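Student: Provided herewith: start_19.tsv, TSV, C-alpha atoms.
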chain	number	residue	atom	x	y	z
A	1	MET	CA	-28.19	0.18	36.98
A	2	LYS	CA	-26.52	1.99	34.09
A	3	GLY	CA	-23.14	1.37	35.72
A	4	LEU	CA	-23.88	-2.34	36.06
A	5	ALA	CA	-25.03	-2.53	32.47
A	6	PHE	CA	-21.85	-0.83	31.31
A	7	LEU	CA	-19.71	-3.21	33.37
A	8	PHE	CA	-21.65	-6.19	31.99
A	9	ALA	CA	-21.08	-4.93	28.45
A	10	LEU	CA	-17.33	-4.59	29.04
A	11	THR	CA	-17.15	-8.08	30.55
A	12	SER	CA	-19.07	-9.56	27.61
A	13	LEU	CA	-16.73	-7.78	25.18
A	14	ALA	CA	-13.65	-9.12	26.96
A	15	LEU	CA	-15.05	-12.65	26.91
A	16	ALA	CA	-15.86	-12.36	23.22
A	17	GLN	CA	-12.30	-11.40	22.30
A	18	VAL	CA	-9.99	-14.18	21.16
A	19	SER	CA	-6.93	-14.16	23.40
A	20	LEU	CA	-3.48	-14.67	21.80
A	21	PRO	CA	-0.72	-15.32	24.37
A	22	PHE	CA	2.42	-14.27	22.48
A	23	TRP	CA	6.06	-15.02	23.39
A	24	HIS	CA	8.51	-12.81	21.52
A	25	THR	CA	12.27	-12.34	21.26
A	26	ALA	CA	12.48	-8.68	20.19
A	27	GLY	CA	14.96	-6.81	22.37
A	28	PRO	CA	16.17	-3.21	21.93
A	29	PRO	CA	15.93	-1.32	19.69
A	30	GLY	CA	13.20	-3.23	17.79
A	31	ASP	CA	11.13	-3.94	20.88
A	32	LYS	CA	9.55	-0.47	20.82
A	33	VAL	CA	8.32	-0.88	17.24
A	34	LEU	CA	6.90	-4.34	17.96
A	35	GLU	CA	5.25	-3.17	21.18
A	36	GLU	CA	3.66	-0.25	19.31
A	37	ALA	CA	2.37	-2.66	16.67
A	38	ILE	CA	0.84	-4.92	19.35
A	39	LYS	CA	-0.74	-1.97	21.15
A	40	SER	CA	-2.19	-0.44	17.99
A	41	PHE	CA	-3.45	-3.84	16.82
A	42	ASN	CA	-5.29	-4.39	20.10
A	43	GLU	CA	-6.81	-0.91	19.88
A	44	SER	CA	-7.73	-1.14	16.19
A	45	GLN	CA	-10.21	-4.01	16.46
A	46	ARG	CA	-12.32	-5.92	18.98
A	47	ALA	CA	-12.02	-9.51	17.77
A	48	TYR	CA	-8.53	-10.38	19.05
A	49	ARG	CA	-6.18	-9.43	21.86
A	50	LEU	CA	-2.45	-10.13	21.84
A	51	GLU	CA	-0.94	-10.73	25.29
A	52	ALA	CA	2.77	-10.28	24.70
A	53	ARG	CA	5.70	-11.42	26.82
A	54	TYR	CA	9.42	-11.09	26.13
A	55	VAL	CA	11.18	-14.45	26.72
A	56	GLY	CA	14.82	-13.71	25.88
A	57	ASP	CA	16.99	-14.11	22.80
A	58	TYR	CA	16.57	-16.80	20.15
A	59	ARG	CA	18.35	-19.58	22.05
A	60	GLU	CA	16.80	-18.73	25.43
A	61	ALA	CA	13.33	-18.58	23.90
A	62	GLY	CA	13.80	-21.90	22.12
A	63	VAL	CA	14.74	-23.66	25.36
A	64	LYS	CA	11.74	-22.13	27.19
A	65	LEU	CA	9.35	-23.13	24.43
A	66	LEU	CA	10.54	-26.74	24.31
A	67	SER	CA	10.10	-26.97	28.06
A	68	ALA	CA	6.60	-25.46	27.85
A	69	LEU	CA	5.59	-27.81	25.04
A	70	ARG	CA	6.59	-30.79	27.17
A	71	ALA	CA	5.17	-29.59	30.47
A	72	GLY	CA	2.25	-27.45	29.29
A	73	GLY	CA	1.86	-23.71	29.35
A	74	ALA	CA	3.09	-22.96	25.82
A	75	PRO	CA	1.69	-19.80	24.19
A	76	VAL	CA	-0.49	-19.64	21.10
A	77	LEU	CA	1.92	-17.44	19.14
A	78	PHE	CA	5.70	-17.76	19.23
A	79	HIS	CA	8.33	-15.49	17.71
A	80	GLY	CA	11.16	-17.91	16.96
A	81	GLU	CA	14.44	-18.12	15.08
A	82	LEU	CA	14.08	-19.23	11.47
A	83	SER	CA	16.16	-22.43	11.74
A	84	PHE	CA	13.94	-23.58	14.65
A	85	LEU	CA	10.86	-23.62	12.40
A	86	PRO	CA	11.52	-26.90	10.51
A	87	ARG	CA	11.86	-28.79	13.79
A	88	LEU	CA	8.61	-27.34	15.14
A	89	ALA	CA	6.87	-28.31	11.89
A	90	GLN	CA	8.35	-31.82	11.83
A	91	GLU	CA	7.27	-32.53	15.40
A	92	GLY	CA	3.77	-31.16	14.87
A	93	ALA	CA	4.34	-28.28	17.29
A	94	ALA	CA	3.56	-25.67	14.62
A	95	ILE	CA	0.35	-25.68	12.59
A	96	PRO	CA	0.21	-24.91	8.83
A	97	LEU	CA	-1.25	-21.52	8.00
A	98	ASP	CA	-1.84	-21.66	4.22
A	99	ALA	CA	-5.63	-21.76	4.61
A	100	TYR	CA	-5.58	-18.37	6.37
A	101	LEU	CA	-3.32	-16.43	3.98
A	102	LYS	CA	-5.71	-15.43	1.18
A	103	ASP	CA	-5.89	-11.73	2.05
A	104	LEU	CA	-2.19	-10.89	2.41
A	105	PRO	CA	-0.80	-7.91	0.44
A	106	LYS	CA	0.05	-8.83	-3.16
A	107	ASP	CA	3.42	-7.04	-3.07
A	108	LEU	CA	5.04	-9.32	-0.47
A	109	TYR	CA	8.42	-10.59	-1.70
A	110	PRO	CA	7.94	-14.29	-2.53
A	111	GLU	CA	11.34	-15.33	-1.15
A	112	MET	CA	10.47	-13.82	2.21
A	113	MET	CA	7.33	-15.93	2.43
A	114	ARG	CA	9.12	-19.04	1.16
A	115	ALA	CA	11.60	-18.64	4.00
A	116	ALA	CA	8.78	-19.50	6.39
A	117	GLN	CA	7.78	-22.66	4.53
A	118	VAL	CA	8.72	-26.26	5.24
A	119	LYS	CA	8.35	-28.71	2.35
A	120	GLY	CA	6.07	-26.26	0.51
A	121	ARG	CA	3.71	-25.55	3.42
A	122	THR	CA	3.66	-22.29	5.36
A	123	PHE	CA	4.35	-22.87	9.04
A	124	GLY	CA	5.44	-19.34	9.92
A	125	LEU	CA	4.98	-15.68	9.08
A	126	PRO	CA	8.22	-13.75	8.48
A	127	LEU	CA	8.56	-10.95	10.98
A	128	GLY	CA	12.16	-9.85	10.57
A	129	LEU	CA	14.61	-11.26	8.02
A	130	SER	CA	18.19	-10.13	7.52
A	131	VAL	CA	21.25	-10.83	5.40
A	132	PRO	CA	24.90	-10.83	6.55
A	133	ALA	CA	27.37	-8.00	6.23
A	134	LEU	CA	31.13	-7.78	6.44
A	135	TYR	CA	31.69	-5.01	8.98
A	136	TYR	CA	35.00	-3.13	8.89
A	137	ASN	CA	36.72	-0.23	10.62
A	138	LYS	CA	36.75	2.55	8.03
A	139	ASP	CA	39.45	4.53	9.80
A	140	ALA	CA	41.84	1.58	9.93
A	141	PHE	CA	41.15	0.70	6.28
A	142	ARG	CA	41.73	4.29	5.20
A	143	ALA	CA	44.99	4.52	7.14
A	144	ARG	CA	46.34	1.45	5.29
A	145	GLY	CA	44.97	2.38	1.89
A	146	LEU	CA	42.55	-0.56	1.83
A	147	LYS	CA	39.15	-0.87	0.19
A	148	ALA	CA	36.28	-3.06	1.36
A	149	PRO	CA	37.13	-6.67	0.38
A	150	ARG	CA	35.12	-8.16	-2.47
A	151	THR	CA	36.57	-11.68	-2.35
A	152	TRP	CA	37.69	-14.02	0.43
A	153	ALA	CA	41.26	-13.72	-0.86
A	154	GLU	CA	40.99	-9.95	-0.33
A	155	VAL	CA	39.66	-10.60	3.19
A	156	GLU	CA	42.77	-12.65	3.96
A	157	GLU	CA	45.03	-9.99	2.47
A	158	ALA	CA	43.31	-7.20	4.41
A	159	ALA	CA	43.47	-9.22	7.65
A	160	ALA	CA	47.23	-9.63	7.20
A	161	ARG	CA	47.81	-5.92	6.52
A	162	LEU	CA	45.60	-4.80	9.41
A	163	THR	CA	47.20	-7.08	12.00
A	164	SER	CA	49.63	-5.50	14.44
A	165	ARG	CA	51.24	-6.38	17.77
A	166	THR	CA	48.08	-5.29	19.60
A	167	ALA	CA	45.27	-6.05	17.15
A	168	LYS	CA	44.03	-8.69	14.69
A	169	GLY	CA	42.68	-8.06	11.24
A	170	LEU	CA	39.56	-10.20	11.73
A	171	VAL	CA	37.48	-11.55	14.60
A	172	VAL	CA	36.01	-14.99	13.88
A	173	SER	CA	33.03	-16.48	15.71
A	174	THR	CA	32.72	-20.26	16.02
A	175	ASP	CA	28.91	-20.20	16.02
A	176	ILE	CA	27.10	-22.11	13.32
A	177	TRP	CA	25.39	-19.08	11.72
A	178	SER	CA	28.64	-17.22	11.04
A	179	PHE	CA	30.38	-20.30	9.68
A	180	ASN	CA	27.41	-21.32	7.55
A	181	ALA	CA	27.37	-17.84	5.99
A	182	ILE	CA	30.88	-18.51	4.63
A	183	VAL	CA	29.96	-22.03	3.49
A	184	MET	CA	26.91	-20.74	1.62
A	185	SER	CA	28.96	-17.95	0.02
A	186	LEU	CA	31.24	-20.65	-1.42
A	187	GLY	CA	28.24	-22.45	-2.90
A	188	GLY	CA	28.08	-25.14	-0.22
A	189	SER	CA	25.63	-26.44	2.34
A	190	LEU	CA	25.93	-28.02	5.78
A	191	VAL	CA	23.18	-30.51	4.89
A	192	LYS	CA	22.76	-32.53	1.70
A	193	ASN	CA	19.94	-34.96	1.00
A	194	GLY	CA	18.82	-34.74	4.60
A	195	LEU	CA	22.22	-35.77	5.99
A	196	PRO	CA	25.11	-33.82	7.51
A	197	ALA	CA	27.69	-32.66	4.95
A	198	PHE	CA	30.38	-31.45	7.33
A	199	THR	CA	33.20	-32.95	5.23
A	200	SER	CA	32.05	-31.57	1.87
A	201	LYS	CA	34.56	-29.49	-0.09
A	202	GLU	CA	33.02	-26.10	0.64
A	203	VAL	CA	32.75	-26.79	4.39
A	204	VAL	CA	36.39	-27.93	4.55
A	205	ASP	CA	37.53	-24.96	2.43
A	206	ALA	CA	35.70	-22.52	4.71
A	207	LEU	CA	37.26	-23.90	7.89
A	208	GLU	CA	40.72	-24.18	6.33
A	209	MET	CA	40.58	-20.48	5.38
A	210	LEU	CA	39.63	-19.44	8.93
A	211	HIS	CA	42.16	-21.85	10.46
A	212	ARG	CA	44.89	-20.43	8.20
A	213	MET	CA	44.19	-16.84	9.30
A	214	VAL	CA	44.11	-17.80	12.98
A	215	GLN	CA	47.34	-19.80	12.74
A	216	LYS	CA	49.10	-16.89	11.02
A	217	GLY	CA	47.95	-14.60	13.82
A	218	HIS	CA	45.77	-12.51	11.52
A	219	ALA	CA	42.43	-13.49	13.11
A	220	GLN	CA	41.07	-13.89	16.64
A	221	ALA	CA	38.65	-16.79	17.24
A	222	ARG	CA	35.80	-16.44	19.76
A	223	ASN	CA	33.36	-19.16	20.78
A	224	LEU	CA	29.68	-18.71	21.63
A	225	ALA	CA	30.41	-18.13	25.33
A	226	GLU	CA	32.73	-15.31	24.27
A	227	ALA	CA	30.25	-13.65	21.92
A	228	GLN	CA	30.31	-10.40	23.88
A	229	PHE	CA	34.12	-10.37	23.60
A	230	ALA	CA	33.89	-10.78	19.82
A	231	VAL	CA	31.86	-7.58	19.66
A	232	ALA	CA	34.20	-5.88	22.16
A	233	ASP	CA	37.22	-6.82	20.02
A	234	PHE	CA	35.77	-4.81	17.15
A	235	LEU	CA	34.50	-1.90	19.26
A	236	ARG	CA	37.83	-1.53	21.09
A	237	THR	CA	39.86	-1.75	17.87
A	238	LYS	CA	41.37	-5.10	18.84
A	239	ALA	CA	40.04	-6.40	15.51
A	240	PHE	CA	39.12	-4.50	12.37
A	241	MET	CA	36.70	-6.82	10.52
A	242	GLY	CA	33.86	-9.15	11.50
A	243	ILE	CA	30.81	-10.92	10.05
A	244	GLY	CA	27.36	-10.23	11.42
A	245	PRO	CA	23.74	-9.76	10.33
A	246	THR	CA	22.56	-6.34	9.18
A	247	THR	CA	20.66	-6.09	12.46
A	248	ALA	CA	23.85	-6.16	14.57
A	249	LEU	CA	24.91	-2.54	13.99
A	250	PRO	CA	21.66	-0.86	15.16
A	251	VAL	CA	21.85	-2.86	18.40
A	252	VAL	CA	25.40	-1.62	19.03
A	253	LEU	CA	24.61	1.98	18.09
A	254	ALA	CA	21.60	1.94	20.44
A	255	GLN	CA	23.95	1.19	23.33
A	256	THR	CA	27.13	3.13	22.59
A	257	SER	CA	28.76	5.71	20.33
A	258	LEU	CA	31.73	4.55	18.30
A	259	PRO	CA	35.00	6.49	18.00
A	260	PHE	CA	35.54	5.32	14.41
A	261	GLY	CA	33.52	4.96	11.24
A	262	VAL	CA	31.89	1.57	10.63
A	263	GLY	CA	31.74	0.32	7.09
A	264	MET	CA	29.60	-2.53	5.86
A	265	ALA	CA	30.04	-4.51	2.68
A	266	PRO	CA	28.27	-7.47	1.07
A	267	LEU	CA	29.67	-10.84	2.08
A	268	PRO	CA	32.24	-12.02	-0.49
A	269	ARG	CA	30.59	-14.62	-2.68
A	270	GLU	CA	31.81	-17.14	-5.24
A	271	ALA	CA	29.92	-17.78	-8.49
A	272	GLY	CA	26.93	-19.89	-7.57
A	273	GLY	CA	27.17	-18.93	-3.92
A	274	ALA	CA	24.35	-17.51	-1.82
A	275	VAL	CA	23.94	-15.61	1.42
A	276	PRO	CA	21.86	-16.74	4.41
A	277	LEU	CA	18.44	-15.26	4.96
A	278	SER	CA	18.08	-15.36	8.72
A	279	GLY	CA	15.90	-13.85	11.40
A	280	ALA	CA	12.61	-14.77	13.02
A	281	VAL	CA	9.09	-15.87	12.18
A	282	LEU	CA	5.73	-15.91	13.92
A	283	VAL	CA	4.57	-19.47	14.58
A	284	VAL	CA	1.09	-20.59	15.63
A	285	LEU	CA	1.50	-23.53	17.97
A	286	ARG	CA	-0.49	-26.75	18.20
A	287	GLY	CA	-3.67	-26.51	20.21
A	288	ALA	CA	-4.54	-23.13	18.71
A	289	SER	CA	-8.11	-22.74	17.54
A	290	PRO	CA	-8.96	-21.64	13.98
A	291	GLU	CA	-9.97	-18.27	15.45
A	292	GLN	CA	-6.57	-17.89	17.09
A	293	ALA	CA	-4.81	-18.75	13.83
A	294	GLN	CA	-6.94	-16.13	12.07
A	295	GLY	CA	-5.97	-13.64	14.78
A	296	ALA	CA	-2.29	-14.32	14.27
A	297	VAL	CA	-2.60	-13.65	10.53
A	298	ALA	CA	-4.64	-10.52	11.26
A	299	PHE	CA	-1.79	-9.21	13.41
A	300	PHE	CA	0.70	-10.07	10.65
A	301	ARG	CA	-1.34	-8.03	8.16
A	302	HIS	CA	-1.40	-5.15	10.66
A	303	PHE	CA	2.38	-5.39	11.04
A	304	LEU	CA	2.80	-5.22	7.25
A	305	ASP	CA	1.40	-1.66	7.04
A	306	PRO	CA	3.96	0.17	4.83
A	307	LYS	CA	4.68	2.93	7.35
A	308	ARG	CA	5.04	0.42	10.18
A	309	GLN	CA	7.29	-1.72	8.01
A	310	ALA	CA	9.43	1.33	7.26
A	311	ALA	CA	9.73	2.14	10.97
A	312	TRP	CA	10.70	-1.48	11.67
A	313	VAL	CA	13.38	-1.49	8.94
A	314	ARG	CA	14.85	1.88	9.97
A	315	THR	CA	15.04	0.78	13.60
A	316	THR	CA	16.27	-2.80	13.21
A	317	TRP	CA	17.84	-2.92	9.73
A	318	TYR	CA	15.76	-5.97	8.86
A	319	LEU	CA	14.85	-6.26	5.19
A	320	PRO	CA	11.54	-4.75	4.02
A	321	LEU	CA	9.01	-7.53	3.47
A	322	ARG	CA	6.96	-5.79	0.79
A	323	LYS	CA	7.61	-3.45	-2.13
A	324	GLU	CA	5.22	-0.75	-0.92
A	325	ALA	CA	7.40	-0.23	2.17
A	326	GLU	CA	10.40	0.67	0.02
A	327	LYS	CA	8.63	3.87	-1.07
A	328	GLU	CA	8.77	4.94	2.58
A	329	LEU	CA	12.47	3.99	2.74
A	330	SER	CA	13.85	5.80	-0.31
A	331	ASP	CA	16.15	8.02	1.76
A	332	PHE	CA	17.23	5.12	4.01
A	333	LEU	CA	18.23	3.00	1.01
A	334	LYS	CA	20.10	5.86	-0.71
A	335	ASP	CA	23.16	5.12	1.42
A	336	PRO	CA	25.35	3.22	-1.10
A	337	GLU	CA	26.86	0.77	1.40
A	338	ARG	CA	23.51	-0.04	2.94
A	339	ALA	CA	21.91	-0.40	-0.50
A	340	GLN	CA	24.60	-2.88	-1.62
A	341	VAL	CA	24.24	-4.99	1.51
A	342	PHE	CA	20.43	-5.00	1.34
A	343	ALA	CA	20.61	-5.92	-2.36
A	344	GLN	CA	21.96	-9.32	-1.26
A	345	ALA	CA	18.30	-10.24	-0.71
A	346	GLU	CA	18.31	-11.16	-4.42
A	347	VAL	CA	20.77	-14.03	-3.77
A	348	ALA	CA	19.57	-14.92	-0.26
A	349	ARG	CA	17.93	-18.15	0.82
A	350	PRO	CA	16.99	-19.49	4.26
A	351	TRP	CA	20.12	-20.48	6.14
A	352	SER	CA	18.52	-23.72	7.32
A	353	GLN	CA	15.32	-25.53	6.43
A	354	ASP	CA	16.51	-28.93	7.66
A	355	PRO	CA	14.94	-30.10	10.95
A	356	GLU	CA	17.92	-32.36	11.66
A	357	LEU	CA	20.40	-29.47	11.83
A	358	VAL	CA	19.02	-28.51	15.24
A	359	VAL	CA	20.20	-31.93	16.46
A	360	TRP	CA	23.59	-31.85	14.72
A	361	TYR	CA	24.82	-28.30	14.97
A	362	SER	CA	26.45	-28.66	18.42
A	363	TYR	CA	28.90	-31.19	16.94
A	364	LEU	CA	29.89	-28.73	14.24
A	365	GLU	CA	30.35	-25.89	16.73
A	366	GLU	CA	32.59	-28.19	18.80
A	367	ALA	CA	34.64	-28.88	15.66
A	368	LEU	CA	34.98	-25.19	14.88
A	369	GLU	CA	36.18	-24.46	18.40
A	370	ARG	CA	38.65	-27.35	18.41
A	371	SER	CA	40.13	-26.22	15.10
A	372	LEU	CA	40.16	-22.46	15.63
A	373	LYS	CA	40.83	-22.33	19.37
A	374	GLN	CA	42.87	-25.49	19.93
A	375	GLY	CA	44.66	-25.82	16.61
A	376	VAL	CA	43.19	-29.17	15.48
A	377	LYS	CA	43.48	-29.57	11.71
A	378	PRO	CA	40.19	-28.68	9.95
A	379	GLN	CA	39.75	-31.98	8.12
A	380	ALA	CA	40.20	-34.01	11.31
A	381	ALA	CA	37.85	-31.80	13.34
A	382	LEU	CA	35.15	-31.94	10.69
A	383	GLU	CA	35.46	-35.70	10.22
A	384	GLU	CA	34.85	-36.18	13.94
A	385	ALA	CA	31.80	-33.89	13.82
A	386	GLN	CA	30.48	-35.86	10.83
A	387	ARG	CA	30.90	-39.17	12.66
A	388	LYS	CA	29.04	-37.87	15.73
A	389	ALA	CA	26.21	-36.44	13.62
A	390	MET	CA	25.85	-39.67	11.62
A	391	ALA	CA	25.82	-41.72	14.82
A	392	VAL	CA	22.83	-39.70	16.05
A	393	GLU	CA	21.17	-40.01	12.64
A	394	ARG	CA	21.41	-43.83	12.70
A	395	ARG	CA	19.74	-44.23	16.13
Written as structure tokens, how would this file's structure read?
Tutor:
Amino acid sequence: MKGLAFLFALTSLALAQVSLPFWHTAGPPGDKVLEEAIKSFNESQRAYRLEARYVGDYREAGVKLLSALRAGGAPVLFHGELSFLPRLAQEGAAIPLDAYLKDLPKDLYPEMMRAAQVKGRTFGLPLGLSVPALYYNKDAFRARGLKAPRTWAEVEEAAARLTSRTAKGLVVSTDIWSFNAIVMSLGGSLVKNGLPAFTSKEVVDALEMLHRMVQKGHAQARNLAEAQFAVADFLRTKAFMGIGPTTALPVVLAQTSLPFGVGMAPLPREAGGAVPLSGAVLVVLRGASPEQAQGAVAFFRHFLDPKRQAAWVRTTWYLPLRKEAEKELSDFLKDPERAQVFAQAEVARPWSQDPELVVWYSYLEEALERSLKQGVKPQAALEEAQRKAMAVERR
């Protein structure tokens, strides 16, 4: 009888727990920290239980979620890329969370929380946010007497001096994030007043600079399908500079050892320019109960523990989300290069909070590839992308 009573008690407890099916996108090396946080959260309380499942990278996960939202079977909690959030909010797929956020730590950085807002309402909880870095081969720079570029003109000069018969100075990716980082650094935006701005001065200037370096033979362009080759170009010393998020280097170092020193510098930035704040947020999807929304916020609070935050930052090189965590990271942030790159958080803003960009960005990526891979003049390529985007907008 005692055994039956015990079993009945366990069953009742399980039924009383609020289940939180959770799709996440955290691959190595950050997956271990996130999995530990989920495990410790489940063990630390009896009210909620996260049921986590890895569903691929940002783009893979987004496709799977859209399919699940249409056909049924979507989770309660989704770990999605930041630029995906405005679309989820606009279509009513994400629920606002402001009513549940009263007990969050007071030392959270306001900009980090604003990154997860759409039109002033909080539709996500920032999990990992990063800023871009200009990565460079320290050995190659040292051999040519170069210093880390501080301006885009210096990037062009360094690319020219680093280029040889067998290697390019810079590897350029035609994906929207990389290009937008340059546009933002020039003080521009891909969207203005809710409409595509692909022919604005800063967008044209950014593509003309990249086109110029490619045409001179100083840069190698890679499209999205060639993303792995872009990384390989840098690792195999076929290129000596590249743009990527702070989180890119830990992923590479977790998989291989490099035969040269890797430097990282802040992205060159014009007066009035900014850098993109990118990464992922936790989203509570439509159909969730108030109890499930409360559970999601409870997990977020658990994740914000200063020591856990420090472990997350050390492992992934995401930015710390709260001031208290920086006390645990004093040695980590002593590295001068890392400190300078992380300090870009002061001039960072979300790289996209426009729902429409999810619809338009493929036209821009086509334009980038046509210009940088096929030699089409930047102005012409961007004008075509603008026409296509506006045609969709007018439907």
Student: Using all atoms listed in the file, what residues lie at most 10 Å away from (-4.6, -17.2, 18.4) (file coordinates), given as an MDAnalysis selection string?
Tutor: chainID A and resid 18:22 48:50 75:77 284:285 287:299
Student: Kindly indicate which residue among A:Ala148, A:Ala52, A:Leu195, A:Met264 lies nearest to Ala37 in chain A, using only C-alpha atoms for the distances.
Tutor: A:Ala52
Student: Please list, as a VMD selection string, the residues that have an atom at most 10 Å away from (8.9, -14.2, 25.7) in the coordinates of this file, counting all atoms listed in the file.
Tutor: chain A and resid 21 to 26 52 to 58 60 to 62 64 to 65 75 78 to 80
Student: Restricting the output to C-alpha atoms, write the selected residues as a PDB file, in the frame of the given file.
Tutor:
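Generated output (selection.pdb):
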ATOM      1  CA  PRO A  21      -0.720 -15.320  24.370  1.00  0.00           C
ATOM      2  CA  PHE A  22       2.420 -14.270  22.480  1.00  0.00           C
ATOM      3  CA  TRP A  23       6.060 -15.020  23.390  1.00  0.00           C
ATOM      4  CA  HIS A  24       8.510 -12.810  21.520  1.00  0.00           C
ATOM      5  CA  THR A  25      12.270 -12.340  21.260  1.00  0.00           C
ATOM      6  CA  ALA A  26      12.480  -8.680  20.190  1.00  0.00           C
ATOM      7  CA  ALA A  52       2.770 -10.280  24.700  1.00  0.00           C
ATOM      8  CA  ARG A  53       5.700 -11.420  26.820  1.00  0.00           C
ATOM      9  CA  TYR A  54       9.420 -11.090  26.130  1.00  0.00           C
ATOM     10  CA  VAL A  55      11.180 -14.450  26.720  1.00  0.00           C
ATOM     11  CA  GLY A  56      14.820 -13.710  25.880  1.00  0.00           C
ATOM     12  CA  ASP A  57      16.990 -14.110  22.800  1.00  0.00           C
ATOM     13  CA  TYR A  58      16.570 -16.800  20.150  1.00  0.00           C
ATOM     14  CA  GLU A  60      16.800 -18.730  25.430  1.00  0.00           C
ATOM     15  CA  ALA A  61      13.330 -18.580  23.900  1.00  0.00           C
ATOM     16  CA  GLY A  62      13.800 -21.900  22.120  1.00  0.00           C
ATOM     17  CA  LYS A  64      11.740 -22.130  27.190  1.00  0.00           C
ATOM     18  CA  LEU A  65       9.350 -23.130  24.430  1.00  0.00           C
ATOM     19  CA  PRO A  75       1.690 -19.800  24.190  1.00  0.00           C
ATOM     20  CA  PHE A  78       5.700 -17.760  19.230  1.00  0.00           C
ATOM     21  CA  HIS A  79       8.330 -15.490  17.710  1.00  0.00           C
ATOM     22  CA  GLY A  80      11.160 -17.910  16.960  1.00  0.00           C
TER      23      GLY A  80
END
Student: Please, which residues in range 362-395 of chain A fall within 6 Å of range 167-185 of chain A when counting all atoms listed in the file, and what is the closest atom pair and distance in Å to one decimal for each, ordered by chain then residue number, as CSV?
Tutor:
residue,atom,partner,partner_atom,distance
A:Glu365,CA,A:Asp175,CA,5.9
A:Leu368,CA,A:Thr174,CA,5.5
A:Glu369,CA,A:Thr174,CA,5.9
Student: What gap, in Å, lies between CA of Glu36 in chain A and CA of Pro110 in chain A?
Tutor: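 Taking CA of Glu36 in chain A and CA of Pro110 in chain A, their separation equals 26.3 Å.
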Student: CA of Gln255 in chain A to CA of His302 in chain A: how many Å, to one decimal?
Tutor: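 Rounded to one decimal, the two atoms are 29.0 Å apart.
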Student: What gap, in Å, lies between CA of Arg70 in chain A and CA of Val281 in chain A?
Tutor: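 Interatomic distance here is 21.3 Å.
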Student: Counting only C-alpha atoms, figure out which residue out of A:Pro355, A:Pro245, A:Pro250, A:Pro259 gets nearest to Ser130 in chain A.
Tutor: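 Between A:Pro355, A:Pro245, A:Pro250, A:Pro259, the residue approaching Ser130 in chain A most closely is A:Pro245.
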Student: Would you mind listing what lies within 10 Å of Leu66 in chain A as an MDAnalysis selection string, with all atoms listed in the file counted and same-chain residues fewer than 5 positions away left out?
Tutor: chainID A and resid 61 71:72 74 88 93
Student: Looking at A:Ala160, A:Leu146, A:Ala385, A:Ala271, which one is nearest to Val204 in chain A, with distances taken over only C-alpha atoms?
Tutor: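 Looking at the shortest contact to Val204 in chain A, the residue is A:Ala385.
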